Every structure is written in structure tokens, then in C-alpha cells.
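This is structure.txt. It holds compact mmCIF, C-alpha atoms.
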# COMPACT_ATOMS: atom_id res chain seq x y z
CA MET A 1 -39.42 -56.55 -11.43
CA VAL A 2 -36.36 -56.04 -13.61
CA THR A 3 -34.71 -59.33 -14.42
CA ARG A 4 -31.01 -59.98 -14.86
CA ARG A 5 -31.65 -60.72 -18.55
CA ALA A 6 -33.38 -57.35 -19.06
CA LEU A 7 -30.49 -55.54 -17.40
CA LEU A 8 -28.01 -57.31 -19.69
CA VAL A 9 -30.03 -56.37 -22.80
CA THR A 10 -30.29 -52.76 -21.64
CA ALA A 11 -26.57 -52.57 -20.94
CA SER A 12 -25.73 -54.07 -24.33
CA THR A 13 -27.99 -51.55 -26.08
CA LEU A 14 -26.35 -48.64 -24.27
CA ILE A 15 -22.89 -49.90 -25.21
CA LEU A 16 -23.92 -50.16 -28.88
CA LEU A 17 -25.44 -46.67 -28.81
CA ALA A 18 -22.34 -45.24 -27.18
CA GLY A 19 -20.15 -46.94 -29.76
CA SER A 20 -22.27 -45.63 -32.61
CA PHE A 21 -22.23 -42.14 -31.15
CA GLY A 22 -18.47 -42.26 -30.75
CA ALA A 23 -18.01 -43.50 -34.31
CA GLY A 24 -20.27 -40.73 -35.53
CA LEU A 25 -18.22 -38.11 -33.71
CA TYR A 26 -15.01 -39.54 -35.17
CA ILE A 27 -16.37 -39.40 -38.72
CA ALA A 28 -17.92 -35.96 -38.31
CA TRP A 29 -15.06 -34.26 -36.48
CA ILE A 30 -11.92 -36.12 -37.59
CA ALA A 31 -12.30 -38.49 -40.53
CA ARG A 32 -14.73 -36.36 -42.59
CA PRO A 33 -15.12 -32.98 -40.95
CA VAL A 34 -17.78 -30.65 -42.27
CA GLN A 35 -16.22 -27.85 -44.30
CA PRO A 36 -17.37 -24.44 -43.14
CA VAL A 37 -19.23 -22.36 -45.69
CA GLY A 38 -17.86 -19.01 -46.88
CA LEU A 39 -14.17 -19.66 -46.42
CA SER A 40 -11.81 -16.93 -47.56
CA PRO A 41 -9.65 -17.83 -50.59
CA ALA A 42 -6.67 -17.49 -48.25
CA ALA A 43 -7.94 -20.56 -46.35
CA LEU A 44 -8.01 -22.79 -49.42
CA LYS A 45 -5.58 -25.65 -49.92
CA LEU A 46 -2.66 -25.15 -52.31
CA GLN A 47 -4.28 -27.02 -55.22
CA GLU A 48 -7.53 -25.10 -54.69
CA LYS A 49 -5.64 -21.79 -54.66
CA GLU A 50 -4.01 -22.64 -57.98
CA LEU A 51 -7.43 -23.46 -59.48
CA TYR A 52 -8.69 -20.14 -58.06
CA ILE A 53 -5.88 -18.27 -59.86
CA ALA A 54 -6.77 -20.06 -63.11
CA LEU A 55 -10.42 -19.00 -62.70
CA VAL A 56 -9.33 -15.39 -62.10
CA ALA A 57 -7.30 -15.61 -65.33
CA ASP A 58 -10.39 -16.89 -67.18
CA ALA A 59 -12.48 -14.02 -65.82
CA TYR A 60 -9.78 -11.50 -66.80
CA ALA A 61 -9.68 -12.91 -70.34
CA LEU A 62 -13.43 -12.33 -70.64
CA GLU A 63 -13.77 -9.02 -68.79
CA GLY A 64 -10.39 -7.34 -69.36
CA ASP A 65 -10.86 -5.79 -65.89
CA LEU A 66 -7.41 -5.74 -64.27
CA PRO A 67 -8.48 -3.97 -61.02
CA ALA A 68 -11.12 -6.68 -60.48
CA ALA A 69 -8.52 -9.39 -61.12
CA ARG A 70 -6.16 -7.75 -58.61
CA ARG A 71 -8.90 -7.62 -55.96
CA ARG A 72 -9.71 -11.27 -56.48
CA LEU A 73 -6.07 -12.30 -56.21
CA GLU A 74 -5.44 -10.14 -53.15
CA ALA A 75 -8.02 -12.27 -51.35
CA LEU A 76 -5.43 -15.08 -51.41
CA GLU A 77 -3.18 -13.00 -49.13
CA ALA A 78 -0.14 -14.46 -50.91
CA ALA A 79 3.20 -12.90 -51.82
CA ASN A 80 4.59 -12.52 -55.35
CA LEU A 81 1.37 -13.35 -57.17
CA PRO A 82 2.73 -12.34 -60.62
CA GLN A 83 5.48 -14.97 -60.33
CA TRP A 84 3.05 -17.59 -59.02
CA THR A 85 0.71 -16.89 -61.94
CA ALA A 86 3.62 -17.08 -64.39
CA ASP A 87 4.74 -20.42 -62.92
CA LEU A 88 1.22 -21.79 -63.36
CA ALA A 89 1.23 -20.58 -66.99
CA TRP A 90 4.45 -22.47 -67.77
CA ARG A 91 3.16 -25.54 -65.97
CA ALA A 92 -0.05 -25.47 -68.05
CA ALA A 93 2.00 -25.04 -71.23
CA GLY A 94 4.11 -28.06 -70.30
CA ALA A 95 0.95 -30.09 -69.75
CA GLY A 96 -0.38 -29.17 -73.20
CA GLN A 97 -3.14 -26.92 -71.81
CA ALA A 98 -2.62 -24.18 -74.37
CA ARG A 99 -5.68 -22.08 -73.62
CA ARG A 100 -5.13 -22.07 -69.84
CA ALA A 101 -1.43 -21.29 -70.36
CA ARG A 102 -2.24 -18.33 -72.61
CA ARG A 103 -4.76 -16.84 -70.19
CA LEU A 104 -2.52 -17.30 -67.15
CA ALA A 105 0.40 -15.77 -69.04
CA ARG A 106 -1.67 -12.74 -70.05
CA LEU A 107 -2.73 -12.22 -66.45
CA ALA A 108 0.87 -12.54 -65.23
CA VAL A 109 2.06 -9.97 -67.78
CA ALA A 110 -0.76 -7.60 -66.82
CA LEU A 111 0.24 -7.99 -63.18
CA GLY A 112 3.74 -6.77 -64.00
CA SER A 113 5.82 -9.74 -65.13
CA GLY A 114 8.42 -8.50 -67.61
CA ASP A 115 9.48 -11.92 -68.93
CA GLN A 116 9.62 -11.65 -72.75
CA ASP A 117 9.17 -15.41 -73.13
CA LEU A 118 6.01 -15.12 -71.07
CA ARG A 119 4.75 -12.36 -73.37
CA GLU A 120 5.27 -14.71 -76.30
CA LEU A 121 3.36 -17.47 -74.47
CA ALA A 122 0.58 -14.95 -73.86
CA GLY A 123 0.44 -14.12 -77.58
CA LEU A 124 1.30 -10.46 -76.98
CA ARG A 125 3.42 -8.46 -79.39
CA PRO A 126 6.87 -7.32 -78.17
CA GLY A 127 6.57 -3.83 -76.79
CA GLY A 128 2.79 -3.92 -77.02
CA PRO A 129 0.35 -3.25 -74.19
CA ALA A 130 0.36 -5.71 -71.29
CA THR A 131 -3.42 -5.75 -71.17
CA PRO A 132 -4.89 -7.38 -74.28
CA PRO A 133 -7.88 -5.71 -75.90
CA PRO A 134 -11.20 -7.51 -75.40
CA PRO A 135 -12.04 -9.95 -78.21
CA THR A 136 -14.17 -8.64 -81.05
CA PRO A 137 -17.23 -10.44 -82.39
CA PRO A 138 -16.65 -12.56 -85.49
CA PRO A 139 -17.35 -11.03 -88.90
CA GLU A 140 -20.44 -11.88 -90.84
CA PRO A 141 -19.55 -14.82 -93.10
CA THR A 142 -19.31 -13.92 -96.75
CA ALA A 143 -17.99 -17.14 -98.27
CA THR A 144 -20.32 -19.78 -99.68
CA PRO A 145 -20.44 -22.76 -97.28
CA GLU A 146 -18.39 -25.64 -98.57
CA ALA A 147 -19.87 -29.08 -99.17
CA LEU A 148 -18.60 -31.24 -96.31
CA PRO A 149 -18.75 -35.01 -95.78
CA THR A 150 -21.65 -36.05 -93.58
CA VAL A 151 -22.06 -38.69 -90.93
CA VAL A 152 -25.81 -39.23 -91.40
CA GLU A 153 -28.17 -38.78 -94.33
CA ALA A 154 -28.68 -35.27 -95.63
CA GLY A 155 -31.51 -33.44 -93.90
CA GLN A 156 -31.15 -35.46 -90.70
CA PHE A 157 -28.83 -33.04 -88.88
CA ASP A 158 -29.71 -31.04 -85.80
CA TRP A 159 -26.78 -28.69 -86.61
CA VAL A 160 -25.39 -27.71 -90.01
CA VAL A 161 -22.18 -25.95 -91.04
CA ALA A 162 -23.44 -22.65 -92.42
CA ALA A 163 -19.97 -21.22 -93.06
CA ARG A 164 -16.37 -22.33 -92.95
CA GLN A 165 -13.71 -19.84 -93.97
CA PRO A 166 -10.21 -18.59 -93.08
CA ILE A 167 -9.72 -15.61 -90.78
CA THR A 168 -7.18 -13.08 -92.03
CA CYS A 169 -5.01 -10.69 -90.08
CA GLY A 170 -6.81 -7.75 -91.67
CA GLN A 171 -10.11 -8.74 -90.07
CA GLY A 172 -8.73 -8.02 -86.60
CA LEU A 173 -10.45 -11.05 -85.12
CA ALA A 174 -7.32 -12.81 -83.83
CA GLU A 175 -3.67 -12.03 -83.13
CA GLN A 176 -2.63 -15.69 -83.13
CA ARG A 177 -3.88 -19.01 -84.53
CA LEU A 178 -7.48 -19.38 -83.44
CA LEU A 179 -10.44 -21.50 -84.35
CA VAL A 180 -13.41 -19.17 -83.89
CA VAL A 181 -16.84 -20.82 -83.74
CA ARG A 182 -20.25 -19.17 -83.65
CA VAL A 183 -23.45 -21.10 -82.95
CA GLU A 184 -26.90 -19.77 -83.89
CA ASP A 185 -30.48 -20.93 -83.76
CA GLY A 186 -32.58 -21.25 -86.92
CA ARG A 187 -33.32 -17.50 -86.91
CA GLY A 188 -29.66 -16.50 -86.66
CA GLU A 189 -29.75 -15.65 -82.93
CA PRO A 190 -26.59 -16.55 -80.94
CA LEU A 191 -26.82 -19.51 -78.56
CA PRO A 192 -24.78 -19.60 -75.33
CA GLY A 193 -23.76 -22.74 -73.46
CA VAL A 194 -23.56 -24.97 -76.54
CA PRO A 195 -20.89 -27.70 -76.20
CA LEU A 196 -18.40 -28.06 -79.04
CA ARG A 197 -15.82 -30.77 -79.64
CA VAL A 198 -12.60 -30.17 -81.58
CA ALA A 199 -10.40 -33.11 -82.57
CA TRP A 200 -6.94 -33.49 -84.07
CA GLN A 201 -4.47 -36.31 -84.48
CA GLY A 202 -3.07 -35.81 -80.98
CA GLY A 203 -6.37 -35.70 -79.11
CA GLU A 204 -9.61 -33.81 -78.63
CA GLU A 205 -11.11 -31.18 -76.34
CA ARG A 206 -14.56 -29.92 -75.40
CA PHE A 207 -15.33 -26.21 -75.13
CA PHE A 208 -18.45 -24.03 -74.98
CA THR A 209 -20.05 -20.94 -76.44
CA GLY A 210 -21.06 -18.07 -74.19
CA LEU A 211 -17.69 -16.81 -72.92
CA HIS A 212 -17.69 -13.60 -74.98
CA PRO A 213 -19.34 -10.67 -73.17
CA ASP A 214 -20.76 -9.21 -76.39
CA ASP A 215 -21.59 -12.37 -78.36
CA PRO A 216 -23.27 -15.28 -76.49
CA GLY A 217 -22.76 -17.58 -79.48
CA TYR A 218 -18.99 -17.09 -79.62
CA ALA A 219 -16.30 -19.65 -78.71
CA ASP A 220 -12.63 -19.96 -79.63
CA PHE A 221 -9.86 -22.53 -79.44
CA LEU A 222 -6.10 -21.98 -79.74
CA LEU A 223 -4.62 -23.95 -82.66
CA ALA A 224 -1.20 -25.60 -82.73
CA GLU A 225 1.19 -25.45 -85.66
CA GLY A 226 1.16 -28.20 -88.27
CA GLU A 227 -2.13 -29.81 -87.19
CA ARG A 228 -5.35 -30.70 -88.98
CA TYR A 229 -8.55 -30.11 -86.99
CA ALA A 230 -12.23 -31.00 -87.19
CA VAL A 231 -14.98 -29.44 -85.10
CA ARG A 232 -18.65 -30.21 -84.47
CA VAL A 233 -21.45 -29.37 -82.05
CA ASP A 234 -21.26 -31.92 -79.25
CA GLU A 235 -24.96 -32.50 -78.78
CA GLY A 236 -27.51 -34.05 -81.11
CA ARG A 237 -26.42 -34.83 -84.68
CA SER A 238 -24.02 -32.33 -86.15
CA GLU A 239 -22.28 -31.78 -89.43
CA ILE A 240 -18.52 -31.70 -89.05
CA ALA A 241 -16.27 -28.90 -90.27
CA LEU A 242 -13.29 -30.87 -91.52
CA ASP A 243 -9.77 -30.18 -92.77
CA LEU A 244 -9.09 -27.07 -90.72
CA THR A 245 -5.35 -27.09 -91.33
CA THR A 246 -2.79 -24.78 -89.76
CA ALA A 247 0.03 -25.40 -92.25
CA GLU A 248 -0.40 -22.03 -94.00
CA LEU A 249 -1.54 -19.98 -91.00
CA ALA A 250 0.63 -17.21 -89.59
CA ALA A 251 1.90 -17.68 -86.05
CA GLN A 252 0.97 -14.09 -85.15
CA CYS A 253 -0.41 -10.98 -86.79
CA THR A 254 2.33 -8.36 -86.58
CA ASP A 255 2.76 -5.05 -88.36
CA ASP A 256 4.90 -6.61 -91.10
CA VAL A 257 2.41 -9.42 -91.90
CA ASP A 258 0.21 -9.09 -94.99
CA PRO A 259 -3.39 -8.25 -93.92
CA GLU A 260 -4.59 -11.02 -96.25
CA GLN A 261 -2.46 -13.62 -94.45
CA PRO A 262 -4.70 -16.27 -92.79
CA ILE A 263 -4.34 -16.49 -89.02
CA GLY A 264 -7.17 -18.91 -88.16
CA TRP A 265 -10.51 -20.45 -89.11
CA PHE A 266 -14.09 -19.29 -88.65
CA VAL A 267 -16.90 -21.89 -88.50
CA LEU A 268 -20.59 -21.05 -88.17
CA PHE A 269 -23.01 -23.72 -86.94
CA ARG A 270 -26.75 -23.17 -87.29
CA ARG A 271 -29.52 -25.20 -85.73
CA ALA A 272 -31.34 -27.08 -88.48
CA ARG A 273 -34.40 -28.06 -86.46
Can the structure from this file be put into C-alpha cells for me?
Amino acid sequence: MVTRRALLVTASTLILLAGSFGAGLYIAWIARPVQPVGLSPAALKLQEKELYIALVADAYALEGDLPAARRRLEALEAANLPQWTADLAWRAAGAGQARRARRLARLAVALGSGDQDLRELAGLRPGGPATPPPPTPPPEPTATPEALPTVVEAGQFDWVVAARQPITCGQGLAEQRLLVVRVEDGRGEPLPGVPLRVAWQGGEERFFTGLHPDDPGYADFLLAEGERYAVRVDEGRSEIALDLTTAELAAQCTDDVDPEQPIGWFVLFRRAR
């Protein structure tokens, strides 16, 4: 025979279960709805769309494939994409994100923006092609590596500075101030995905090898005027390439610049063990 007490317990349990079920529905459907998989870029939120455009600019910088970049952007189903991309470039420049600003500006110019100031931000020569040529692999180092200060005892490094030398306009490696880094294993084979850290008086930034389609060990970083940089491999124990100054570097390599004029720095790191 069911007692009054048993009925009360059963009713209380059902109320609790109903409340839990209702709370679960609220969380699942309203408070934290499940995001459907495979959304079109056009369905992204505004901030996500802007990140998407920045990623397209990164891919264009690596591939140089404008039709592919156009197809990716068309998936946003947005109007006036060149202007939107240009606005993002200026916003990145204002935030001190020099590399992102340069890549967004190059994409905007390639998409048809005729703003001369934007061409300058992109590092393109006046009257030159809108689509930049793909980057070329760094030259084989010829200079004798300089003796650099160390942070641990000699012979205890995982990574050593095998070369540190200026890049000149005549080498064709850069059209504007760049720090070009190459990372190799002990046999001289390029290593992708190696983290690097560059520091200067105003801050520091992390970047990686592996973004060059023809050289997995390649990485580059855009240098500002009047700064002094240091760079190292950001894993294990690494020698540091110090005193990478920009005081005597050209702003751009143009036709009237001496081919021997330095435009950047090349640093080669090699795995010691």
C-alpha cells in the first residue's frame, strides 16, 4: 500500500527532475546554445568575420593566389570588401600590429584599392604591381658568425647563432626593413614550426618558422625605424642574436637606392644538440 509519505517523496523527486530538466533546456537552448558545425563565413559574428579577413590576408601573403583570396572573401557575402580590408589594415597599424597591417594592406591593394597611402603601408613601390611577388628563400650566409654574449656556459646551448649579417637591397630578399630568420637542424635541414621571440625596447613578439611555401625553416619580422632588436629561439636554451639595429637600414629598396644599402638582418639558428 502506498503511504502518504511515499507519495510526498515521489512528488518531490518529480518536481526536482522537472526543474533540472527545465534548467538543462534553458542552458542548452538559450544561455549556452550549441553552435552548429559547418557554418558559412557569412554567418559569423562581426569580430569573427574580421579575424577571417585577416586569415585570408595571411594566406594570400604566403600563396600569392589572388583568385583563391577572392573566393574566400566572397564567402562572407559582404559589400565593399576592399574598403573593409583597408580599414582593418589601418586599424592594425594604429594598434602597432605592423605585420598584420602590412598583409591586410597588400590584400586590399590587390583587391583594387587605389589609396597611395595604403600602398605605402603595404610596402609596395609607387606605380609597381598590386600583387607582391612571393618571398624568396634567404641567401646562403657567407659572413663569419660573430661572437655574441651568452646566457649560459659555452657548449650548453640547444640552439646556436650560426650566422648574423645584414641583408642588402641587391640580394633581393626584402623590399622593406625585415628581420629574416632561418632555423636548421644539426645537418642543415630547415625546421618548420619553431617558435622565435624578438624583443626591443618597446616590447616583444613571438613568431614561427614554416610560413614560407618553399623554405620550411624561414620566418620574418617587420622592423621599425630607430630600434635595436634581439632575437632567439623560444624553446630550450638559445644563443641570442643581439644588437640588430635599424638606424642605418633603408626604409625601402627602390630603383635609386644603392644595391649595397642594408635593408634588414639575416640570422641563422642551428640546433646544437
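Note that the spacing between atom CA of A:Arg106 and atom CA of A:Ala122 amounts to 4.9 Å.
Between A:Leu222 and the residues A:Gly264, A:Pro82, A:Gly236, A:Pro41, the shortest atom-to-atom distance, using only C-alpha atoms, involves A:Gly264.
Nearest to A:Glu235 of all the residues A:Gly202, A:Pro216, A:Leu179, A:Trp159 is A:Trp159, counting all atoms listed in the file.
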| task | Could you please determine the separation between atom CA of A:Glu260 and atom CA of A:Thr168 in Å, to one decimal place? | result | 5.4 Å
| field | Who sits within 8 Å of A:Ala162, only C-alpha atoms, same chain under 5 positions skipped, as a ChimeraX atom specification | value | /A:145,267-270
